[in-house]
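Q: Shown below is the structure under consideration.
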Amino acid sequence: MGNLATATREELIAIIEVLAARVAALEEENRRLRGGGGKDVPAWVKPNRPTQEKRERKRREQAFVRQREQPDEVHEHAMECCPECGRKLTGGWKHGRHQVIEIVLPQVRVIEHVALARWCGRCRKRWIPRLEAGALGVQGKRRFGVSVQSVVAALHGAFRVPMKQIRGLLRELWGLRISDGEIVALLDEVAQAGVEALGRLHDAVRGSPVVCVDETGWRQDGQNGWLWTFSTSQVRYFQYRNTRSGRVAQEVLGEQFTGKTVCDFYAAYNRLLNEIQRCWAHLLRDLHALKEKHADQPEAIAWAEAVKAVYEEAKAQSARAPVLELNRLQRRRLRERLEARLEVLAGPVARTPDAPHGVLAQRIMKHLGELFVEHPEVPADNNLAERSLRPAVTARKISGGTRSHKGSQTKMALLSHFGTWTLQNCPLLSACRNLLLTSSPA
């Protein structure tokens, strides 16, 4: 029995030693796999994230949640009786709330103004009050007030709603029945009331240091014409003419205009005598079209990329050292250096018009002095004018144009007024009401 016990004890000790060695080996392998410094860690093993002390979250100065509105009405909802036993419930506390934003449709009001005639026994005269437009709230002698007129003008001039839809909207919302002829008359009177304001917009364009000019097609009574826009940072001014000649821009800007004009490469603008900045966005689009059309010609693609690189350098230079911080001599030297690079690129190609990029090279050489205007307030593109034309283009696609010269003039006035008010963040209805009430009736 003693030998058996001794043998059993020795076997157990041996087993324990083997297991201890196995545990030590597994712990070493586990340490290596956990990133303990071993070189045999597999590439797919993600290292352990170092433990960080839990810090208290910093309280934000502003909560980025939906703000609650100041309620105009508060409706409390509570159950009157217990749904199980039927006992009447009293008291209570606020458990939750839900805000609903609703539109209360206004009602049409017919206001009758009665002028009373009174007799003066001493002077032996009859006196009748003179009813002004401000007191009546109407433009001229119309039966529709300036509020109705402003809604109609805003819907048509700012939101491009056709007249048929305006009629349906007025009838649906307010039960107001109005004819197409009445709508046309209301719009015409808005244009007449804004003649002086339109003249001030024209003067503001002529006095602006930078004007962006563009034009698009417009049809009047089935005939093709042109809608011109003259845009500044604060003003939108529109004119309709039946010609696309450069004399339109000359007439609108005037002989005394000393600002800078931003435009595309249309030849009509060559008649302008003031300093011109040609639109780089148009040139870059043409360079992109050149690369797509001649994708199998590496020489043309490399040339287009080199021209674009000159523009990118000019933009990068402006980002590194804003043009406002450069003096006049530094801006002139920068302009001359960029023009010299373009001349090296476009000059030889312009003498070979049969090349795929020959036409664009000739354009660059023709307008070489108009691609880098050194004045800091002049943009490199004509996006301001193009964005101002979008509402008119949308209106043209919906209505097809106008039917008479008077309709075109009214349309241009509405585009000018509402475009300027939108640009200046003015409330459209209030601005139109003020225009109607402060003008002299026709």
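We label chains A, B, ... in the order they appear in the structure tokens, count residues from 1 in each chain, and number ligands from 1 in the order shown.
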So that I can see what lies close to Arg97 (chain A), please list as a ChimeraX atom specification the residues with an atom at most 12 Å from it, counting only C-alpha atoms and leaving out residues fewer than 4 positions away in the same chain.

A: /A:68,71,74-77,93

Q: Could you pull the residues within 7 Å of region 247-250 of chain A, counting only C-alpha atoms, minus those fewer than 3 positions along the same chain, as a short mmCIF file (atom, residue, chain, number, x, y, z; two decimals) with C-alpha atoms, in the first residue's frame?

A:
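Contents of the output file selection_32.cif:
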data_model
loop_
_atom_site.label_atom_id
_atom_site.label_comp_id
_atom_site.auth_asym_id
_atom_site.auth_seq_id
_atom_site.Cartn_x
_atom_site.Cartn_y
_atom_site.Cartn_z
CA LEU A 253 -24.36 100.80 -68.57
CA GLY A 254 -24.03 104.24 -70.13
CA LEU A 272 -17.61 97.76 -74.18
#

Q: With only C-alpha atoms as the basis for distance, which of A:Phe238, A:Phe230, A:Trp44, A:Phe372 is at the shortest distance from Leu384 (chain A)?

A: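 The shortest atom-to-atom distance to Leu384 (chain A) comes from A:Phe230.
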
Q: How many Å lie between CA of Cys279 (chain A) and CA of Cys263 (chain A), rounded to one decimal?

A: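 We find that CA of Cys279 (chain A) and CA of Cys263 (chain A) lie 5.8 Å from each other.
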
Q: For CA of Arg177 (chain A) and CA of Gly419 (chain A), determine how far apart the two atoms are, in Å to one decimal place.

A: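 Interatomic distance, CA of Arg177 (chain A) to CA of Gly419 (chain A): 28.3 Å.
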